[in-house]
file input00.cif (mmCIF, C-alpha atoms)
data_final
loop_
_atom_site.label_atom_id
_atom_site.label_comp_id
_atom_site.auth_asym_id
_atom_site.auth_seq_id
_atom_site.Cartn_x
_atom_site.Cartn_y
_atom_site.Cartn_z
CA MET A 138 16.19 -32.82 -7.50
CA SER A 139 14.21 -29.78 -8.58
CA ALA A 140 10.82 -28.72 -7.26
CA LEU A 141 7.61 -29.25 -9.18
CA ASN A 142 6.86 -26.63 -11.80
CA ARG A 143 3.36 -25.82 -13.01
CA ARG A 144 3.46 -28.11 -16.03
CA GLU A 145 4.78 -31.02 -13.96
CA PHE A 146 2.15 -30.51 -11.28
CA THR A 147 -0.63 -30.39 -13.84
CA ALA A 148 0.67 -33.60 -15.41
CA LEU A 149 0.78 -35.39 -12.06
CA ALA A 150 -2.62 -34.03 -11.10
CA GLY A 151 -4.05 -35.55 -14.24
CA ALA A 152 -2.16 -38.81 -13.90
CA PHE A 153 -4.58 -40.27 -11.39
CA ALA A 154 -7.63 -39.30 -13.41
CA ALA A 155 -6.10 -40.75 -16.56
CA THR A 156 -5.16 -44.08 -15.01
CA SER A 157 -8.01 -44.64 -12.58
CA VAL A 158 -10.64 -44.70 -15.30
CA SER A 159 -9.05 -47.76 -16.84
CA PRO A 160 -11.41 -50.74 -17.24
CA ALA A 161 -12.35 -52.69 -14.13
CA ALA A 162 -10.38 -55.81 -13.40
CA PRO A 163 -12.34 -58.79 -14.80
CA ALA A 164 -12.53 -60.51 -11.41
CA VAL A 165 -14.24 -57.54 -9.73
CA ALA A 166 -17.65 -56.29 -10.77
CA ALA A 167 -18.29 -52.57 -10.53
CA ARG A 168 -21.03 -51.60 -8.07
CA HIS A 169 -22.57 -48.48 -6.69
CA GLY A 170 -21.21 -47.21 -3.39
CA ARG A 171 -21.56 -44.24 -1.07
CA VAL A 172 -18.59 -42.03 -0.26
CA VAL A 173 -18.91 -39.27 2.34
CA ILE A 174 -16.11 -36.73 2.71
CA ILE A 175 -15.90 -34.32 5.64
CA GLY A 176 -13.82 -31.22 4.95
CA GLY A 177 -13.64 -29.33 1.66
CA GLY A 178 -10.01 -28.19 1.58
CA ALA A 179 -6.91 -29.46 -0.19
CA GLY A 180 -7.54 -33.01 1.01
CA GLY A 181 -11.31 -33.47 0.97
CA ALA A 182 -12.13 -31.49 -2.17
CA THR A 183 -9.41 -33.32 -4.11
CA VAL A 184 -10.75 -36.71 -3.03
CA ALA A 185 -14.26 -35.69 -4.12
CA HIS A 186 -12.99 -34.53 -7.51
CA HIS A 187 -10.94 -37.64 -8.30
CA VAL A 188 -13.40 -40.22 -6.98
CA LYS A 189 -16.29 -38.74 -8.95
CA ARG A 190 -14.26 -38.29 -12.11
CA ALA A 191 -12.87 -41.82 -11.93
CA ALA A 192 -16.12 -43.54 -10.95
CA PRO A 193 -19.18 -41.41 -11.85
CA GLU A 194 -21.49 -44.20 -10.69
CA LEU A 195 -20.41 -43.72 -7.06
CA SER A 196 -22.39 -41.42 -4.79
CA VAL A 197 -20.00 -38.76 -3.51
CA THR A 198 -21.10 -36.30 -0.82
CA LEU A 199 -18.80 -33.51 0.39
CA VAL A 200 -19.67 -31.96 3.76
CA GLU A 201 -18.16 -28.49 4.20
CA VAL A 202 -19.71 -25.73 6.29
CA GLN A 203 -18.24 -22.88 4.20
CA LYS A 204 -19.89 -22.03 0.90
CA ARG A 205 -16.71 -20.28 -0.23
CA TYR A 206 -13.37 -21.68 0.86
CA THR A 207 -10.34 -19.51 1.60
CA THR A 208 -7.02 -21.33 1.29
CA CYS A 209 -4.59 -21.15 4.19
CA PHE A 210 -1.72 -21.43 1.72
CA PHE A 211 -1.17 -18.02 0.08
CA SER A 212 -3.18 -16.28 2.83
CA ASN A 213 0.09 -14.76 4.06
CA LEU A 214 0.46 -13.10 0.66
CA TYR A 215 -2.90 -11.41 1.22
CA ILE A 216 -1.70 -10.18 4.62
CA GLY A 217 1.43 -8.78 2.98
CA GLY A 218 -0.50 -7.06 0.20
CA PHE A 219 0.61 -9.37 -2.64
CA ARG A 220 -2.79 -10.98 -3.27
CA SER A 221 -6.42 -9.95 -3.02
CA PHE A 222 -8.73 -11.84 -0.67
CA ARG A 223 -10.89 -12.78 -3.62
CA SER A 224 -7.95 -14.46 -5.35
CA ILE A 225 -7.52 -16.97 -2.49
CA THR A 226 -11.24 -17.74 -2.10
CA HIS A 227 -13.02 -20.42 -4.13
CA ASP A 228 -16.46 -21.99 -4.52
CA TYR A 229 -17.62 -25.55 -5.15
CA ALA A 230 -19.40 -25.01 -8.46
CA GLY A 231 -16.92 -27.16 -10.40
CA LEU A 232 -17.37 -30.12 -8.07
CA ALA A 233 -21.15 -29.75 -8.12
CA LYS A 234 -21.12 -29.69 -11.92
CA LEU A 235 -19.12 -32.91 -11.86
CA GLY A 236 -21.89 -34.56 -9.83
CA VAL A 237 -20.54 -34.24 -6.29
CA GLU A 238 -23.30 -33.49 -3.78
CA ILE A 239 -22.18 -30.46 -1.77
CA VAL A 240 -23.68 -30.20 1.73
CA HIS A 241 -22.94 -27.01 3.64
CA ASP A 242 -23.45 -28.21 7.19
CA TRP A 243 -21.55 -29.21 10.32
CA ALA A 244 -20.69 -32.88 10.86
CA MET A 245 -21.54 -33.50 14.51
CA GLY A 246 -20.83 -37.19 14.93
CA VAL A 247 -19.93 -40.49 13.30
CA ASP A 248 -21.43 -43.89 14.08
CA THR A 249 -18.75 -46.19 12.70
CA ALA A 250 -20.74 -49.34 13.52
CA ARG A 251 -23.74 -48.22 11.47
CA ARG A 252 -21.58 -46.25 9.03
CA THR A 253 -23.48 -43.00 9.38
CA VAL A 254 -22.60 -39.33 9.79
CA ALA A 255 -24.89 -37.04 11.78
CA LEU A 256 -25.20 -33.41 10.65
CA ARG A 257 -26.24 -30.40 12.72
CA SER A 258 -29.34 -29.96 10.53
CA GLY A 259 -30.60 -33.36 11.69
CA THR A 260 -29.73 -35.14 8.45
CA THR A 261 -27.99 -38.50 8.60
CA LEU A 262 -25.67 -39.62 5.80
CA ASP A 263 -24.91 -43.29 5.12
CA TYR A 264 -21.49 -44.27 3.83
CA ASP A 265 -19.51 -47.23 2.57
CA LYS A 266 -16.27 -45.25 2.77
CA LEU A 267 -15.76 -42.18 4.94
CA VAL A 268 -12.99 -39.63 4.35
CA LEU A 269 -12.02 -37.24 7.14
CA SER A 270 -10.03 -34.20 6.13
CA PRO A 271 -11.06 -31.81 8.91
CA GLY A 272 -7.83 -29.83 9.20
CA ILE A 273 -6.89 -28.58 12.64
CA ASP A 274 -8.46 -27.39 15.83
CA LEU A 275 -6.63 -24.90 18.03
CA LYS A 276 -5.66 -25.76 21.59
CA TYR A 277 -6.64 -22.44 23.11
CA GLU A 278 -6.27 -23.92 26.59
CA THR A 279 -2.47 -24.14 26.21
CA ILE A 280 -2.22 -20.33 26.62
CA GLU A 281 -3.78 -18.81 29.73
CA GLY A 282 -6.30 -16.12 28.84
CA TYR A 283 -6.61 -17.15 25.19
CA ASP A 284 -9.96 -18.29 23.79
CA PRO A 285 -12.07 -17.72 20.66
CA GLU A 286 -13.35 -14.40 21.99
CA VAL A 287 -9.84 -13.09 22.73
CA ALA A 288 -8.79 -14.31 19.27
CA GLU A 289 -10.99 -11.56 17.84
CA ARG A 290 -8.50 -9.08 19.34
CA MET A 291 -5.38 -11.26 19.12
CA PRO A 292 -6.03 -13.23 15.91
CA HIS A 293 -4.34 -16.51 15.14
CA ALA A 294 -5.30 -16.35 11.44
CA TRP A 295 -4.33 -20.04 11.19
CA LYS A 296 -7.76 -20.94 9.83
CA ALA A 297 -8.09 -18.80 6.74
CA GLY A 298 -11.12 -16.58 6.25
CA VAL A 299 -12.50 -14.14 8.80
CA GLN A 300 -9.38 -14.40 10.97
CA THR A 301 -7.15 -13.57 7.99
CA ARG A 302 -9.13 -10.39 7.36
CA ILE A 303 -8.94 -9.40 11.02
CA LEU A 304 -5.15 -9.69 11.11
CA ARG A 305 -4.72 -7.78 7.85
CA ARG A 306 -7.05 -4.99 9.05
CA GLN A 307 -5.27 -4.69 12.39
CA ILE A 308 -1.90 -4.30 10.69
CA THR A 309 -3.16 -1.69 8.22
CA ASP A 310 -4.97 0.24 10.98
CA MET A 311 -2.03 0.14 13.39
CA PRO A 312 -0.32 3.51 13.96
CA ASP A 313 3.17 3.90 12.55
CA GLY A 314 5.54 3.01 15.36
CA GLY A 315 3.34 0.24 16.74
CA VAL A 316 4.79 -3.17 17.58
CA VAL A 317 3.56 -6.43 16.01
CA VAL A 318 4.21 -9.54 18.10
CA LEU A 319 4.00 -12.91 16.35
CA ALA A 320 3.97 -16.07 18.47
CA PRO A 321 4.29 -19.30 16.44
CA PRO A 322 3.05 -22.64 17.81
CA PRO A 323 5.09 -25.58 19.11
CA ASN A 324 5.58 -28.61 16.85
CA PRO A 325 3.74 -30.27 15.19
CA TYR A 326 1.45 -27.80 13.46
CA ARG A 327 -0.06 -26.85 10.11
CA CYS A 328 2.48 -25.52 7.57
CA PRO A 329 5.89 -25.51 9.29
CA PRO A 330 7.31 -22.55 7.27
CA GLY A 331 4.04 -20.62 7.48
CA PRO A 332 4.74 -18.41 10.53
CA TYR A 333 8.06 -17.30 9.05
CA GLU A 334 6.62 -16.47 5.66
CA ARG A 335 4.09 -14.42 7.62
CA VAL A 336 6.93 -12.61 9.40
CA SER A 337 8.30 -11.75 5.96
CA MET A 338 4.94 -10.53 4.66
CA ILE A 339 4.18 -8.38 7.69
CA ALA A 340 7.71 -6.95 7.63
CA HIS A 341 7.29 -6.16 3.93
CA TYR A 342 4.12 -4.19 4.68
CA LEU A 343 5.73 -2.37 7.60
CA LYS A 344 8.79 -1.44 5.53
CA TYR A 345 6.73 0.46 2.97
CA HIS A 346 3.75 1.64 5.02
CA LYS A 347 4.77 1.79 8.71
CA PRO A 348 8.54 2.38 8.62
CA ARG A 349 8.81 3.25 12.33
CA SER A 350 7.15 -0.02 13.37
CA LYS A 351 8.81 -3.33 14.22
CA LEU A 352 7.93 -7.01 14.55
CA ILE A 353 8.98 -9.25 17.43
CA LEU A 354 9.04 -13.02 16.88
CA LEU A 355 8.48 -14.99 20.10
CA ASP A 356 9.25 -18.57 19.16
CA PRO A 357 8.83 -21.51 21.57
CA LYS A 358 11.30 -23.53 19.46
CA PRO A 359 15.11 -23.33 19.16
CA LYS A 360 14.98 -23.54 15.35
CA PHE A 361 12.45 -23.43 12.53
CA SER A 362 11.80 -24.51 8.95
CA LYS A 363 14.03 -22.86 6.29
CA GLN A 364 15.69 -20.86 9.06
CA ALA A 365 18.90 -19.99 7.21
CA LEU A 366 16.94 -18.88 4.15
CA PHE A 367 14.55 -16.72 6.12
CA MET A 368 17.28 -15.17 8.25
CA GLU A 369 19.25 -14.32 5.12
CA GLY A 370 16.20 -12.70 3.54
CA TRP A 371 15.27 -10.77 6.66
CA GLU A 372 18.76 -9.34 6.98
CA GLN A 373 18.78 -8.40 3.30
CA HIS A 374 15.32 -6.84 3.10
CA TYR A 375 14.11 -6.00 6.60
CA GLY A 376 17.09 -4.93 8.68
CA GLY A 377 15.99 -3.20 11.88
CA ILE A 378 12.35 -4.28 11.48
CA ILE A 379 12.38 -7.89 12.74
CA GLU A 380 13.58 -8.96 16.18
CA VAL A 381 13.98 -12.75 16.43
CA ARG A 382 13.71 -14.38 19.85
CA LEU A 383 14.14 -18.15 19.84
CA SER A 384 13.83 -20.45 22.85
CA ASN A 385 17.00 -22.15 24.06
CA GLU A 386 18.91 -23.00 27.21
CA VAL A 387 19.15 -19.30 28.09
CA GLN A 388 15.62 -18.09 27.34
CA ASN A 389 12.14 -19.52 26.90
CA GLN A 390 10.05 -17.33 24.62
CA ARG A 391 6.93 -19.51 24.67
CA VAL A 392 3.84 -17.39 25.27
CA VAL A 393 2.09 -18.73 28.38
CA ARG A 394 -0.45 -15.98 29.10
CA VAL A 395 -2.22 -13.18 27.24
CA ASP A 396 -4.42 -10.27 28.22
CA GLY A 397 -6.61 -9.33 25.27
CA ASN A 398 -7.87 -6.14 26.88
CA ARG A 399 -4.41 -4.78 27.60
CA MET A 400 -2.86 -6.38 24.47
CA GLU A 401 -0.14 -7.97 26.57
CA LEU A 402 1.71 -11.26 26.16
CA GLU A 403 3.73 -13.00 28.88
CA THR A 404 6.52 -15.46 28.09
CA ALA A 405 7.63 -18.50 30.09
CA ASP A 406 10.58 -16.36 31.25
CA GLY A 407 8.15 -14.00 32.93
CA GLU A 408 8.64 -11.13 30.48
CA THR A 409 5.56 -9.12 29.51
CA LEU A 410 5.34 -7.45 26.10
CA LYS A 411 2.72 -4.96 24.96
CA ALA A 412 1.66 -5.13 21.32
CA ALA A 413 -0.33 -3.00 18.92
CA VAL A 414 -1.04 -6.22 16.99
CA ALA A 415 -0.63 -9.69 18.49
CA ASN A 416 -0.70 -12.69 16.16
CA VAL A 417 -0.97 -15.60 18.61
CA ILE A 418 -0.91 -19.09 17.06
CA PRO A 419 -1.53 -21.78 19.69
CA ALA A 420 -0.73 -25.48 19.66
CA GLN A 421 -2.94 -27.63 17.43
CA ARG A 422 -4.66 -31.00 17.10
CA ALA A 423 -6.76 -32.83 14.53
CA GLY A 424 -10.20 -31.40 13.81
CA GLN A 425 -12.84 -32.43 16.34
CA ILE A 426 -14.81 -34.76 14.06
CA ALA A 427 -11.75 -37.05 13.79
CA HIS A 428 -11.76 -37.41 17.57
CA LEU A 429 -15.53 -38.03 17.64
CA ALA A 430 -15.09 -40.74 15.01
CA GLY A 431 -12.55 -42.53 17.21
CA CYS A 432 -9.68 -41.99 14.76
CA ALA A 433 -7.36 -40.01 17.05
CA ASP A 434 -4.64 -41.30 19.34
CA GLY A 435 -3.81 -38.23 21.39
CA ASP A 436 -3.90 -35.07 19.29
CA TRP A 437 -3.50 -36.68 15.86
CA CYS A 438 -4.71 -39.65 13.82
CA PRO A 439 -2.55 -42.69 13.02
CA ILE A 440 -2.92 -44.00 9.46
CA ARG A 441 -1.68 -46.79 7.22
CA PRO A 442 0.96 -45.25 4.96
CA SER A 443 -0.16 -47.29 1.95
CA ASN A 444 -3.54 -45.55 1.67
CA PHE A 445 -4.09 -43.21 4.67
CA SER A 446 -6.83 -45.42 6.08
CA SER A 447 -7.30 -45.15 9.82
CA THR A 448 -5.49 -47.75 11.90
CA LEU A 449 -8.24 -47.44 14.52
CA VAL A 450 -11.50 -47.50 12.52
CA GLU A 451 -12.36 -49.56 9.45
CA ASP A 452 -13.55 -47.97 6.20
CA VAL A 453 -12.43 -44.51 7.34
CA TYR A 454 -9.56 -42.51 5.85
CA VAL A 455 -7.85 -39.57 7.54
CA LEU A 456 -5.63 -37.26 5.52
CA GLY A 457 -4.12 -33.81 5.48
CA ASP A 458 -3.32 -31.89 8.64
CA ALA A 459 -5.20 -34.32 10.90
CA ALA A 460 -3.11 -37.37 10.02
CA ILE A 461 0.18 -38.59 11.44
CA ALA A 462 2.21 -38.73 8.23
CA SER A 463 5.68 -39.06 9.74
CA LYS A 464 8.20 -36.89 7.84
CA MET A 465 5.54 -35.61 5.45
CA PRO A 466 4.60 -32.12 6.70
CA LYS A 467 1.11 -30.79 7.28
CA SER A 468 0.67 -28.74 4.10
CA GLY A 469 -1.79 -28.15 1.27
CA PHE A 470 0.47 -29.89 -1.23
CA SER A 471 0.80 -32.92 1.10
CA ALA A 472 -2.97 -33.16 1.53
CA ASN A 473 -3.56 -32.92 -2.22
CA SER A 474 -0.98 -35.65 -2.84
CA GLN A 475 -2.44 -37.92 -0.17
CA ALA A 476 -5.94 -37.32 -1.53
CA LYS A 477 -5.11 -38.87 -4.89
CA VAL A 478 -3.92 -42.05 -3.18
CA VAL A 479 -7.07 -42.15 -1.04
CA ALA A 480 -9.27 -41.62 -4.11
CA ASN A 481 -7.55 -44.43 -5.97
CA ASP A 482 -8.00 -46.77 -3.02
CA ILE A 483 -11.70 -45.93 -2.80
CA VAL A 484 -12.49 -46.44 -6.49
CA ALA A 485 -10.53 -49.69 -6.43
CA ALA A 486 -12.58 -50.92 -3.47
CA LEU A 487 -16.01 -49.68 -4.56
CA ALA A 488 -15.84 -49.57 -8.36
CA GLY A 489 -13.39 -52.34 -9.16
CA LYS A 490 -10.79 -50.05 -10.74
CA LYS A 491 -7.09 -50.80 -10.71
CA ARG A 492 -5.22 -49.96 -7.51
CA PHE A 493 -1.93 -48.18 -8.19
CA PRO A 494 1.13 -48.03 -5.94
CA PRO A 495 0.99 -44.94 -3.70
CA ARG A 496 3.15 -41.94 -4.59
CA TYR A 497 3.46 -38.89 -2.36
CA ARG A 498 5.12 -35.55 -2.88
CA ASN A 499 5.29 -32.16 -1.20
CA THR A 500 6.73 -28.73 -1.88
CA CYS A 501 6.34 -25.68 0.35
CA TRP A 502 7.10 -22.31 -1.25
CA SER A 503 7.60 -19.23 0.91
CA LEU A 504 7.67 -15.63 -0.25
CA ILE A 505 10.30 -13.47 1.44
CA ALA A 506 10.06 -10.28 -0.63
CA THR A 507 9.01 -9.11 -4.09
CA ASN A 508 10.16 -11.75 -6.60
CA ASN A 509 12.08 -13.56 -3.86
CA ALA A 510 10.73 -16.98 -2.90
CA VAL A 511 12.33 -20.11 -1.47
CA LYS A 512 11.17 -23.70 -1.35
CA VAL A 513 11.60 -27.02 0.43
CA GLY A 514 10.14 -30.38 -0.45
CA ALA A 515 10.50 -34.12 -0.89
CA SER A 516 9.16 -37.27 -2.50
CA TYR A 517 7.92 -40.11 -0.30
CA LYS A 518 6.96 -43.75 -0.33
CA ALA A 519 4.79 -45.90 1.88
CA GLY A 520 6.97 -47.82 4.27
CA GLU A 521 5.78 -50.71 6.38
CA LYS A 522 4.76 -48.45 9.25
CA LEU A 523 5.62 -44.90 8.19
CA VAL A 524 5.62 -42.58 5.19
CA GLU A 525 9.31 -42.50 4.26
CA VAL A 526 11.39 -39.89 2.42
CA THR A 527 12.95 -41.07 -0.84
CA SER A 528 14.50 -37.76 -1.97
CA LYS A 529 14.40 -34.13 -0.87
CA PHE A 530 15.46 -30.63 -1.87
CA ILE A 531 15.71 -27.10 -0.46
CA SER A 532 16.66 -23.70 -1.80
CA LYS A 533 20.20 -22.59 -1.06
CA VAL A 534 21.49 -19.53 0.75
CA GLY A 535 23.04 -17.05 -1.67
CA GLU A 536 21.02 -17.97 -4.75
CA GLU A 537 20.89 -15.56 -7.68
CA ALA A 538 18.00 -13.10 -7.76
CA SER A 539 16.86 -14.52 -11.08
CA LEU A 540 16.48 -17.99 -9.55
CA ARG A 541 14.50 -16.64 -6.61
CA ALA A 542 12.24 -14.80 -9.06
CA ARG A 543 11.65 -18.02 -11.02
CA THR A 544 10.85 -19.81 -7.75
CA PHE A 545 8.24 -17.16 -7.02
CA GLU A 546 6.66 -17.59 -10.47
CA GLU A 547 6.71 -21.36 -9.94
CA ALA A 548 4.74 -20.88 -6.71
CA LEU A 549 2.12 -18.79 -8.49
CA GLY A 550 1.72 -21.49 -11.14
CA TRP A 551 1.39 -24.17 -8.49
CA TYR A 552 -1.36 -22.23 -6.72
CA ASP A 553 -3.41 -21.98 -9.90
CA SER A 554 -2.88 -25.67 -10.62
CA ILE A 555 -3.68 -27.03 -7.18
CA THR A 556 -6.82 -24.95 -6.74
CA ALA A 557 -8.02 -26.03 -10.19
CA ASP A 558 -7.40 -29.62 -9.12
CA MET A 559 -9.13 -29.23 -5.76
CA PHE A 560 -12.24 -27.51 -7.04
CA ALA A 561 -12.52 -29.15 -10.50
CA LYS A 562 -12.09 -25.90 -12.38
CA GLY A 563 -11.83 -25.87 -16.15
#

call {"tool": "encode", "arguments": {"input": "input00.cif", "output": "structure tokens"}}
result
Amino acid sequence: MSALNRREFTALAGAFAATSVSPAAPAVAARHGRVVIIGGGAGGATVAHHVKRAAPELSVTLVEVQKRYTTCFFSNLYIGGFRSFRSITHDYAGLAKLGVEIVHDWAMGVDTARRTVALRSGTTLDYDKLVLSPGIDLKYETIEGYDPEVAERMPHAWKAGVQTRILRRQITDMPDGGVVVLAPPPNPYRCPPGPYERVSMIAHYLKYHKPRSKLILLDPKPKFSKQALFMEGWEQHYGGIIEVRLSNEVQNQRVVRVDGNRMELETADGETLKAAVANVIPAQRAGQIAHLAGCADGDWCPIRPSNFSSTLVEDVYVLGDAAIASKMPKSGFSANSQAKVVANDIVAALAGKKRFPPRYRNTCWSLIATNNAVKVGASYKAGEKLVEVTSKFISKVGEEASLRARTFEEALGWYDSITADMFAKG
């Protein structure tokens, strides 16, 4: 099975819009309804777009604190110097033009009995259907000495925006010969290949701008996503720059303590490393509003695989990074795919449109070097209790340079397509 190219993605992105506007089933009368969506990323923005396009009569309100949204996917390319910050930052003008009400505010609480959302400004929003796509929160407490203030000096850059700029600036300002330490999180977390694409991007920058510098990877896991592909690429392009330290029976490289003033990191083995730049990515959980709404069981939110509705709260959907989606990874593509199913379920329930069988898909592209990208992905179905894999694919070690270059171009096309779909561009 091949990955999704730009034309295929665009076709699938339009498939929901084309089918969901079909006439209402005769037995169900269309009626007005109120849809509130919290979180304006790949999940929430896509739901807003497809609900409003399919059922213009529905009231759709998108709550997102940021007026301009920076995508986490492709933010590593900015860090590596392959993209501008502006190119990964988007506004909500397209959604507003479509008729979505955009509210830039913090959601502070959900009353699921009264079906209301309380905002920091004091406003209360009523809903018939609530969609939570809040992304992740970081578990700072899992690393001694790490907190939001220390993260200004040891950025995680796992929520794109200000943190992404901080990490990029630190790397460019670092003296040649300085050491970058990158500490990925334990499973599960947002974008499984993301830390290792970031290793590639930082190493690429060091190779051409700080040739006496090196990067140390302190991984709390014994293996990682696309490992053979990344290791092959690092040996080919960045020999002598990257030092990989995985955790196993012999060593535990999990970072347990940091000192932001001294720029030191301590591992579970008791080793202390000093860094010029420390990219510390802690463990994660669903965004706080999902917990406040009563949708979380532990760190994450259980859902029904047929439509990503919460198993704990009625008339609430949870999708994207916050949801427990079984084998489906926490990625932008996954959230966008899930969002179309959620949108269809909502317009079926509130506007009497046809409900289609759920289809899910994901592809994660990772850039290793100039014109050298790899990918992994799968198609999924809704099982009785879990989202189940129906087919999967991954790039192969030893592929021709021309194929890797085409994979890179495919990724660029996907980015343009998904952001157009999220933010109703064009």

call {"tool": "atom_distance", "arguments": {"input": "input00.cif", "atom1": "atom CA of A:Asn444", "atom2": "atom CA of A:Gly424"}}
result
19.8 Å

call {"tool": "resolve_selection", "arguments": {"input": "input00.cif", "expression": "the PyMOL selection byres ((chain A and resi 332) around 9)", "output": "list in words"}}
result
Asn213, Leu319, Ala320, Pro321, Pro322, Cys328, Pro329, Pro330, Gly331, Tyr333, Glu334, Arg335, Val336, Ser337 and Ile418 of chain A

call {"tool": "resolve_selection", "arguments": {"input": "input00.cif", "expression": "the PyMOL selection byres ((chain A and resi 558) around 10)", "output": "ChimeraX atom specification"}}
result
/A:146-147,150-151,179,182-184,186-187,231,473,552-557,559-563

call {"tool": "atom_distance", "arguments": {"input": "input00.cif", "atom1": "atom CA of A:Val513", "atom2": "atom CA of A:Ile461"}}
result
19.6 Å

call {"tool": "closest_residue", "arguments": {"input": "input00.cif", "among": "A:Ser196, A:Thr279, A:Ser258, A:Gln390", "to": "A:Ala420", "atoms": "only C-alpha atoms"}}
result
A:Thr279

call {"tool": "residues_around", "arguments": {"input": "input00.cif", "residues": "A:Val381", "least_positions_apart": "5", "cutoff": "12 Å", "atoms": "all atoms listed in the file", "output": "ChimeraX atom specification"}}
result
/A:318-321,333,336-337,351-361,364,367-368,371-372,375-376,390
